[in-house]
>>> print(open('upload22.pdb').read())   # PDB, N, CA and C atoms and all ligand atoms
ATOM      1  N   MET A   1     168.757 111.157 135.255
ATOM      2  CA  MET A   1     168.147 110.496 136.398
ATOM      3  C   MET A   1     167.476 109.211 135.929
ATOM      4  N   ARG A   2     167.685 108.168 136.708
ATOM      5  CA  ARG A   2     167.094 106.877 136.357
ATOM      6  C   ARG A   2     166.711 106.203 137.675
ATOM      7  N   ILE A   3     165.440 106.035 137.901
ATOM      8  CA  ILE A   3     164.940 105.440 139.142
ATOM      9  C   ILE A   3     164.345 104.084 138.790
ATOM     10  N   VAL A   4     164.952 103.028 139.347
ATOM     11  CA  VAL A   4     164.581 101.686 138.904
ATOM     12  C   VAL A   4     164.286 100.712 140.040
ATOM     13  N   ARG A   5     164.375 101.186 141.293
ATOM     14  CA  ARG A   5     164.168 100.225 142.366
ATOM     15  C   ARG A   5     163.774 100.917 143.665
ATOM     16  N   CYS A   6     163.277 100.088 144.587
ATOM     17  CA  CYS A   6     163.125 100.503 145.980
ATOM     18  C   CYS A   6     164.521 100.484 146.583
ATOM     19  N   GLU A   7     164.988 101.648 146.963
ATOM     20  CA  GLU A   7     166.354 101.736 147.494
ATOM     21  C   GLU A   7     166.471 101.058 148.860
ATOM     22  N   CYS A   8     165.460 101.171 149.675
ATOM     23  CA  CYS A   8     165.562 100.590 151.018
ATOM     24  C   CYS A   8     165.670  99.072 150.968
ATOM     25  N   ARG A   9     164.882  98.438 150.105
ATOM     26  CA  ARG A   9     164.889  96.976 150.007
ATOM     27  C   ARG A   9     165.810  96.494 148.889
ATOM     28  N   ARG A  10     166.325  97.420 148.090
ATOM     29  CA  ARG A  10     167.203  97.088 146.964
ATOM     30  C   ARG A  10     166.557  96.094 145.998
ATOM     31  N   LEU A  11     165.269  96.290 145.770
ATOM     32  CA  LEU A  11     164.540  95.428 144.840
ATOM     33  C   LEU A  11     164.123  96.249 143.628
ATOM     34  N   PRO A  12     164.520  95.816 142.435
ATOM     35  CA  PRO A  12     164.182  96.564 141.227
ATOM     36  C   PRO A  12     162.717  96.394 140.839
ATOM     37  N   PHE A  13     162.189  97.459 140.265
ATOM     38  CA  PHE A  13     160.787  97.443 139.851
ATOM     39  C   PHE A  13     160.530  96.344 138.818
ATOM     40  N   ASP A  14     161.517  96.062 137.963
ATOM     41  CA  ASP A  14     161.273  95.047 136.930
ATOM     42  C   ASP A  14     161.247  93.634 137.503
ATOM     43  N   ARG A  15     161.631  93.470 138.750
ATOM     44  CA  ARG A  15     161.412  92.186 139.434
ATOM     45  C   ARG A  15     160.119  92.193 140.222
ATOM     46  N   LEU A  16     159.730  93.366 140.676
ATOM     47  CA  LEU A  16     158.495  93.468 141.463
ATOM     48  C   LEU A  16     157.248  93.360 140.586
ATOM     49  N   LEU A  17     157.307  93.940 139.400
ATOM     50  CA  LEU A  17     156.111  93.982 138.552
ATOM     51  C   LEU A  17     155.596  92.582 138.212
ATOM     52  N   PRO A  18     156.443  91.649 137.761
ATOM     53  CA  PRO A  18     155.906  90.315 137.455
ATOM     54  C   PRO A  18     155.295  89.624 138.673
ATOM     55  N   ARG A  19     155.887  89.828 139.833
ATOM     56  CA  ARG A  19     155.319  89.230 141.049
ATOM     57  C   ARG A  19     153.963  89.850 141.354
ATOM     58  N   ALA A  20     153.894  91.168 141.209
ATOM     59  CA  ALA A  20     152.632  91.858 141.488
ATOM     60  C   ALA A  20     151.543  91.408 140.519
ATOM     61  N   ARG A  21     151.906  91.291 139.248
ATOM     62  CA  ARG A  21     150.913  90.883 138.245
ATOM     63  C   ARG A  21     150.476  89.438 138.459
ATOM     64  N   ALA A  22     151.437  88.572 138.790
ATOM     65  CA  ALA A  22     151.126  87.150 138.965
ATOM     66  C   ALA A  22     150.212  86.921 140.162
ATOM     67  N   ASN A  23     150.349  87.786 141.151
ATOM     68  CA  ASN A  23     149.578  87.611 142.383
ATOM     69  C   ASN A  23     148.430  88.593 142.533
ATOM     70  N   ASP A  24     148.247  89.440 141.488
ATOM     71  CA  ASP A  24     147.164  90.422 141.494
ATOM     72  C   ASP A  24     147.241  91.337 142.720
ATOM     73  N   TRP A  25     148.475  91.787 143.029
ATOM     74  CA  TRP A  25     148.679  92.663 144.173
ATOM     75  C   TRP A  25     148.293  94.094 143.839
ATOM     76  N   ASP A  26     147.633  94.745 144.759
ATOM     77  CA  ASP A  26     147.513  96.193 144.713
ATOM     78  C   ASP A  26     148.696  96.759 145.506
ATOM     79  N   LEU A  27     148.748  98.072 145.662
ATOM     80  CA  LEU A  27     149.909  98.669 146.333
ATOM     81  C   LEU A  27     150.041  98.167 147.768
ATOM     82  N   ALA A  28     148.939  98.078 148.474
ATOM     83  CA  ALA A  28     149.000  97.625 149.868
ATOM     84  C   ALA A  28     149.541  96.205 149.960
ATOM     85  N   ALA A  29     149.108  95.349 149.055
ATOM     86  CA  ALA A  29     149.585  93.962 149.061
ATOM     87  C   ALA A  29     151.060  93.897 148.698
ATOM     88  N   LEU A  30     151.474  94.692 147.726
ATOM     89  CA  LEU A  30     152.886  94.714 147.344
ATOM     90  C   LEU A  30     153.756  95.160 148.516
ATOM     91  N   ILE A  31     153.321  96.186 149.208
ATOM     92  CA  ILE A  31     154.065  96.666 150.383
ATOM     93  C   ILE A  31     154.113  95.575 151.449
ATOM     94  N   ARG A  32     152.995  94.961 151.701
ATOM     95  CA  ARG A  32     152.925  93.928 152.735
ATOM     96  C   ARG A  32     153.804  92.726 152.388
ATOM     97  N   GLU A  33     153.782  92.297 151.136
ATOM     98  CA  GLU A  33     154.474  91.071 150.756
ATOM     99  C   GLU A  33     155.967  91.259 150.524
ATOM    100  N   THR A  34     156.395  92.457 150.128
ATOM    101  CA  THR A  34     157.806  92.650 149.775
ATOM    102  C   THR A  34     158.545  93.572 150.740
ATOM    103  N   GLY A  35     157.815  94.371 151.486
ATOM    104  CA  GLY A  35     158.456  95.375 152.336
ATOM    105  C   GLY A  35     158.815  96.636 151.576
ATOM    106  N   CYS A  36     158.732  96.602 150.254
ATOM    107  CA  CYS A  36     159.006  97.810 149.468
ATOM    108  C   CYS A  36     157.923  98.849 149.766
ATOM    109  N   GLY A  37     158.358 100.056 150.018
ATOM    110  CA  GLY A  37     157.424 101.116 150.352
ATOM    111  C   GLY A  37     157.111 101.205 151.830
ATOM    112  N   ALA A  38     157.629 100.251 152.618
ATOM    113  CA  ALA A  38     157.299 100.215 154.045
ATOM    114  C   ALA A  38     158.332 100.928 154.908
ATOM    115  N   GLN A  39     159.419 101.355 154.308
ATOM    116  CA  GLN A  39     160.445 102.026 155.110
ATOM    117  C   GLN A  39     160.368 103.536 154.870
ATOM    118  N   CYS A  40     161.212 104.102 154.038
ATOM    119  CA  CYS A  40     161.154 105.561 153.850
ATOM    120  C   CYS A  40     159.897 105.984 153.085
ATOM    121  N   GLY A  41     159.371 105.084 152.241
ATOM    122  CA  GLY A  41     158.150 105.375 151.501
ATOM    123  C   GLY A  41     158.340 106.161 150.224
ATOM    124  N   LEU A  42     159.570 106.561 149.909
ATOM    125  CA  LEU A  42     159.783 107.387 148.713
ATOM    126  C   LEU A  42     159.483 106.636 147.419
ATOM    127  N   CYS A  43     159.535 105.327 147.451
ATOM    128  CA  CYS A  43     159.264 104.558 146.228
ATOM    129  C   CYS A  43     157.775 104.350 145.998
ATOM    130  N   ARG A  44     156.942 104.692 146.950
ATOM    131  CA  ARG A  44     155.511 104.393 146.803
ATOM    132  C   ARG A  44     154.880 104.991 145.550
ATOM    133  N   PRO A  45     155.135 106.260 145.240
ATOM    134  CA  PRO A  45     154.525 106.776 144.009
ATOM    135  C   PRO A  45     154.998 106.035 142.764
ATOM    136  N   TYR A  46     156.221 105.546 142.789
ATOM    137  CA  TYR A  46     156.742 104.779 141.645
ATOM    138  C   TYR A  46     156.069 103.410 141.588
ATOM    139  N   LEU A  47     155.909 102.790 142.753
ATOM    140  CA  LEU A  47     155.225 101.499 142.796
ATOM    141  C   LEU A  47     153.785 101.655 142.316
ATOM    142  N   ARG A  48     153.142 102.739 142.732
ATOM    143  CA  ARG A  48     151.754 102.971 142.331
ATOM    144  C   ARG A  48     151.662 103.113 140.820
ATOM    145  N   ARG A  49     152.572 103.898 140.245
ATOM    146  CA  ARG A  49     152.528 104.077 138.789
ATOM    147  C   ARG A  49     152.903 102.786 138.073
ATOM    148  N   MET A  50     153.877 102.067 138.606
ATOM    149  CA  MET A  50     154.265 100.786 138.014
ATOM    150  C   MET A  50     153.062  99.855 137.914
ATOM    151  N   LEU A  51     152.297  99.785 138.990
ATOM    152  CA  LEU A  51     151.130  98.907 138.990
ATOM    153  C   LEU A  51     150.083  99.384 137.984
ATOM    154  N   ALA A  52     149.969 100.689 137.822
ATOM    155  CA  ALA A  52     148.945 101.242 136.932
ATOM    156  C   ALA A  52     149.337 101.156 135.462
ATOM    157  N   THR A  53     150.641 101.340 135.171
ATOM    158  CA  THR A  53     151.044 101.489 133.764
ATOM    159  C   THR A  53     151.996 100.409 133.273
ATOM    160  N   GLY A  54     152.636  99.677 134.189
ATOM    161  CA  GLY A  54     153.631  98.687 133.785
ATOM    162  C   GLY A  54     155.014  99.272 133.605
ATOM    163  N   GLU A  55     155.172 100.574 133.850
ATOM    164  CA  GLU A  55     156.511 101.188 133.750
ATOM    165  C   GLU A  55     157.396 100.665 134.877
ATOM    166  N   THR A  56     158.686 100.436 134.576
ATOM    167  CA  THR A  56     159.631 100.017 135.612
ATOM    168  C   THR A  56     160.881 100.890 135.641
ATOM    169  N   VAL A  57     160.965 101.853 134.729
ATOM    170  CA  VAL A  57     162.080 102.800 134.700
ATOM    171  C   VAL A  57     161.477 104.200 134.672
ATOM    172  N   PHE A  58     161.953 105.045 135.576
ATOM    173  CA  PHE A  58     161.383 106.387 135.701
ATOM    174  C   PHE A  58     162.479 107.421 135.577
ATOM    175  N   HIS A  59     162.160 108.532 134.951
ATOM    176  CA  HIS A  59     163.140 109.591 134.729
ATOM    177  C   HIS A  59     162.695 110.907 135.333
ATOM    178  N   GLU A  60     161.736 110.830 136.215
ATOM    179  CA  GLU A  60     161.233 112.051 136.836
ATOM    180  C   GLU A  60     160.972 111.782 138.319
ATOM    181  N   ILE A  61     160.972 112.837 139.104
ATOM    182  CA  ILE A  61     160.660 112.720 140.519
ATOM    183  C   ILE A  61     159.152 112.644 140.672
ATOM    184  N   LEU A  62     158.696 111.592 141.324
ATOM    185  CA  LEU A  62     157.273 111.449 141.620
ATOM    186  C   LEU A  62     157.085 111.587 143.120
ATOM    187  N   THR A  63     156.047 112.286 143.496
ATOM    188  CA  THR A  63     155.711 112.402 144.920
ATOM    189  C   THR A  63     154.243 112.072 145.091
ATOM    190  N   GLU A  64     153.907 111.673 146.279
ATOM    191  CA  GLU A  64     152.519 111.354 146.554
ATOM    192  C   GLU A  64     151.773 112.638 146.854
ATOM    193  N   ALA A  65     150.614 112.740 146.281
ATOM    194  CA  ALA A  65     149.769 113.882 146.603
ATOM    195  C   ALA A  65     149.184 113.641 147.986
ATOM    196  N   LEU A  66     149.376 114.578 148.850
ATOM    197  CA  LEU A  66     148.836 114.464 150.200
ATOM    198  C   LEU A  66     147.584 115.307 150.316
ATOM    199  N   PRO A  67     146.616 114.833 151.078
ATOM    200  CA  PRO A  67     145.435 115.636 151.298
ATOM    201  C   PRO A  67     145.810 116.966 151.945
ATOM    202  N   ASP A  68     145.010 117.990 151.696
ATOM    203  CA  ASP A  68     145.284 119.306 152.285
ATOM    204  C   ASP A  68     145.474 119.177 153.793
ATOM    205  N   GLY A  69     146.537 119.741 154.289
ATOM    206  CA  GLY A  69     146.777 119.757 155.713
ATOM    207  C   GLY A  69     147.449 118.511 156.257
ATOM    208  N   ALA A  70     147.616 117.488 155.422
ATOM    209  CA  ALA A  70     148.230 116.249 155.912
ATOM    210  C   ALA A  70     149.736 116.428 155.980
ATOM    211  N   ALA A  71     150.320 115.865 156.987
ATOM    212  CA  ALA A  71     151.774 115.919 157.144
ATOM    213  C   ALA A  71     152.375 114.607 156.680
ATOM    214  N   ARG A  72     153.519 114.736 156.023
ATOM    215  CA  ARG A  72     154.211 113.513 155.602
ATOM    216  C   ARG A  72     154.760 112.832 156.859
ATOM    217  N   PRO A  73     154.572 111.499 156.955
ATOM    218  CA  PRO A  73     155.034 110.801 158.154
ATOM    219  C   PRO A  73     156.541 110.863 158.313
TER     220      PRO A  73
HETATM  221  S1  LIG A 101     162.824 103.444 148.709
HETATM  222 FE1  LIG A 101     161.274 101.976 149.012
HETATM  223  S2  LIG A 101     160.807 102.150 151.142
HETATM  224 FE2  LIG A 101     162.501 103.472 150.864
END
>>> encode(input="upload22.pdb", output="structure tokens")
Amino acid sequence: MRIVRCECRRLPFDRLLPRARANDWDLAALIRETGCGAQCGLCRPYLRRMLATGETVFHEILTEALPDGAARP
């Protein structure tokens, strides 16, 4: 398994990371400016980790922790 991009926007993480770093984007800003994470949302945990660690290639399934009782949209 190799996860390297937002599938909905077809934008690779290794292109998003330099833009995010150059503009000091947090996850909300990255979503707003690129549309990545704004559709199915499955890439959000990857985007979050990318911003935190600089990783752009993932080999594991990441999911967002939801608060108790919260439903996935
Ligand atoms: S994979 Fe990024 S919004 Fe769907």
>>> resolve_selection(input="upload22.pdb", expression="the PyMOL selection byres (((chain A and resi 46) around 8) and not hetatm)", output="count of residues only")
19
>>> closest_residue(input="upload22.pdb", among="A:His59, A:Arg2, A:Arg9, A:Arg21", to="Thr34 (chain A)", atoms="all atoms listed in the file")
A:Arg9
>>> atom_distance(input="upload22.pdb", atom1="atom N of Cys6 (chain A)", atom2="atom N of Glu33 (chain A)")
13.9 Å
>>> atom_distance(input="upload22.pdb", atom1="atom C of Ala28 (chain A)", atom2="CA of Arg10 (chain A)")
17.9 Å
>>> axis_aligned_box(input="upload22.pdb", around="ligand LIG 101 (chain A)", padding_each_side="8 Å", output="AutoDock Vina command-line options")
--center_x 161.8 --center_y 102.7 --center_z 149.9 --size_x 18.0 --size_y 17.5 --size_z 18.4
>>> closest_residue(input="upload22.pdb", among="A:Ile3, A:Ala20, A:Cys8, A:Leu27", to="ligand LIG 101 (chain A)", atoms="only C-alpha atoms and all ligand atoms")
A:Cys8
>>> residues_around(input="upload22.pdb", residues="Asp14 (chain A)", least_positions_apart="4", cutoff="7 Å", atoms="only N, CA and C atoms", output="number ranges by chain")
A: 4-5, 18-19, 55-57
>>> write_last_selection(input="upload22.pdb", atoms="N, CA and C atoms", output="mmCIF file, in the frame of the given file")
data_model
loop_
_atom_site.group_PDB
_atom_site.id
_atom_site.type_symbol
_atom_site.label_atom_id
_atom_site.label_comp_id
_atom_site.auth_asym_id
_atom_site.auth_seq_id
_atom_site.Cartn_x
_atom_site.Cartn_y
_atom_site.Cartn_z
ATOM 1 N N VAL A 4 164.952 103.028 139.347
ATOM 2 C CA VAL A 4 164.581 101.686 138.904
ATOM 3 C C VAL A 4 164.286 100.712 140.040
ATOM 4 N N ARG A 5 164.375 101.186 141.293
ATOM 5 C CA ARG A 5 164.168 100.225 142.366
ATOM 6 C C ARG A 5 163.774 100.917 143.665
ATOM 7 N N PRO A 18 156.443 91.649 137.761
ATOM 8 C CA PRO A 18 155.906 90.315 137.455
ATOM 9 C C PRO A 18 155.295 89.624 138.673
ATOM 10 N N ARG A 19 155.887 89.828 139.833
ATOM 11 C CA ARG A 19 155.319 89.230 141.049
ATOM 12 C C ARG A 19 153.963 89.850 141.354
ATOM 13 N N GLU A 55 155.172 100.574 133.850
ATOM 14 C CA GLU A 55 156.511 101.188 133.750
ATOM 15 C C GLU A 55 157.396 100.665 134.877
ATOM 16 N N THR A 56 158.686 100.436 134.576
ATOM 17 C CA THR A 56 159.631 100.017 135.612
ATOM 18 C C THR A 56 160.881 100.890 135.641
ATOM 19 N N VAL A 57 160.965 101.853 134.729
ATOM 20 C CA VAL A 57 162.080 102.800 134.700
ATOM 21 C C VAL A 57 161.477 104.200 134.672
#
>>> atom_distance(input="upload22.pdb", atom1="atom C of Arg15 (chain A)", atom2="CA of Cys36 (chain A)")
10.9 Å
>>> closest_residue(input="upload22.pdb", among="A:Leu16, A:Leu11, A:Ala29, A:Ala38", to="ligand LIG 101 (chain A)", atoms="all atoms listed in the file")
A:Ala38
>>> closest_residue(input="upload22.pdb", among="A:Gly37, A:Asn23, A:Glu60, A:Leu30", to="ligand LIG 101 (chain A)", atoms="only N, CA and C atoms and all ligand atoms")
A:Gly37
>>> select_by_dssp(input="upload22.pdb", residues="chain A", states="alpha helix (DSSP H)", output="MDAnalysis selection string")
chainID A and resid 13:23 27:34 44:53
>>> closest_residue(input="upload22.pdb", among="A:Met1, A:Gln39, A:Thr53, A:Ala22", to="ligand LIG 101 (chain A)", atoms="all atoms listed in the file")
A:Gln39
>>> decode(input="upload22.pdb", residues="region 6-21 of chain A", atoms="N, CA and C atoms", output="PDB file, in the first residue's frame")
ATOM      1  N   CYS A   6      -4.133  13.271  -2.431  1.00  0.00           N
ATOM      2  CA  CYS A   6      -5.581  13.431  -2.319  1.00  0.00           C
ATOM      3  C   CYS A   6      -6.168  12.886  -3.612  1.00  0.00           C
ATOM      4  N   GLU A   7      -6.925  11.823  -3.485  1.00  0.00           N
ATOM      5  CA  GLU A   7      -7.480  11.189  -4.687  1.00  0.00           C
ATOM      6  C   GLU A   7      -8.541  12.068  -5.349  1.00  0.00           C
ATOM      7  N   CYS A   8      -9.328  12.752  -4.567  1.00  0.00           N
ATOM      8  CA  CYS A   8     -10.400  13.556  -5.164  1.00  0.00           C
ATOM      9  C   CYS A   8      -9.845  14.693  -6.010  1.00  0.00           C
ATOM     10  N   ARG A   9      -8.806  15.361  -5.520  1.00  0.00           N
ATOM     11  CA  ARG A   9      -8.223  16.493  -6.246  1.00  0.00           C
ATOM     12  C   ARG A   9      -7.025  16.061  -7.088  1.00  0.00           C
ATOM     13  N   ARG A  10      -6.593  14.817  -6.929  1.00  0.00           N
ATOM     14  CA  ARG A  10      -5.437  14.287  -7.658  1.00  0.00           C
ATOM     15  C   ARG A  10      -4.182  15.136  -7.452  1.00  0.00           C
ATOM     16  N   LEU A  11      -4.009  15.593  -6.224  1.00  0.00           N
ATOM     17  CA  LEU A  11      -2.830  16.391  -5.887  1.00  0.00           C
ATOM     18  C   LEU A  11      -1.957  15.602  -4.923  1.00  0.00           C
ATOM     19  N   PRO A  12      -0.695  15.386  -5.284  1.00  0.00           N
ATOM     20  CA  PRO A  12       0.198  14.613  -4.425  1.00  0.00           C
ATOM     21  C   PRO A  12       0.647  15.408  -3.203  1.00  0.00           C
ATOM     22  N   PHE A  13       0.840  14.670  -2.127  1.00  0.00           N
ATOM     23  CA  PHE A  13       1.262  15.302  -0.877  1.00  0.00           C
ATOM     24  C   PHE A  13       2.608  16.009  -1.044  1.00  0.00           C
ATOM     25  N   ASP A  14       3.490  15.460  -1.884  1.00  0.00           N
ATOM     26  CA  ASP A  14       4.808  16.095  -2.020  1.00  0.00           C
ATOM     27  C   ASP A  14       4.742  17.403  -2.801  1.00  0.00           C
ATOM     28  N   ARG A  15       3.615  17.697  -3.412  1.00  0.00           N
ATOM     29  CA  ARG A  15       3.406  19.037  -3.983  1.00  0.00           C
ATOM     30  C   ARG A  15       2.685  19.945  -3.010  1.00  0.00           C
ATOM     31  N   LEU A  16       1.872  19.350  -2.164  1.00  0.00           N
ATOM     32  CA  LEU A  16       1.119  20.153  -1.192  1.00  0.00           C
ATOM     33  C   LEU A  16       2.004  20.639  -0.045  1.00  0.00           C
ATOM     34  N   LEU A  17       2.925  19.797   0.389  1.00  0.00           N
ATOM     35  CA  LEU A  17       3.732  20.146   1.564  1.00  0.00           C
ATOM     36  C   LEU A  17       4.530  21.433   1.353  1.00  0.00           C
ATOM     37  N   PRO A  18       5.252  21.597   0.238  1.00  0.00           N
ATOM     38  CA  PRO A  18       5.999  22.854   0.072  1.00  0.00           C
ATOM     39  C   PRO A  18       5.094  24.084   0.045  1.00  0.00           C
ATOM     40  N   ARG A  19       3.923  23.950  -0.543  1.00  0.00           N
ATOM     41  CA  ARG A  19       2.988  25.084  -0.560  1.00  0.00           C
ATOM     42  C   ARG A  19       2.518  25.396   0.854  1.00  0.00           C
ATOM     43  N   ALA A  20       2.213  24.340   1.599  1.00  0.00           N
ATOM     44  CA  ALA A  20       1.743  24.539   2.972  1.00  0.00           C
ATOM     45  C   ALA A  20       2.826  25.188   3.828  1.00  0.00           C
ATOM     46  N   ARG A  21       4.056  24.715   3.667  1.00  0.00           N
ATOM     47  CA  ARG A  21       5.155  25.270   4.468  1.00  0.00           C
ATOM     48  C   ARG A  21       5.447  26.715   4.078  1.00  0.00           C
TER      49      ARG A  21
END
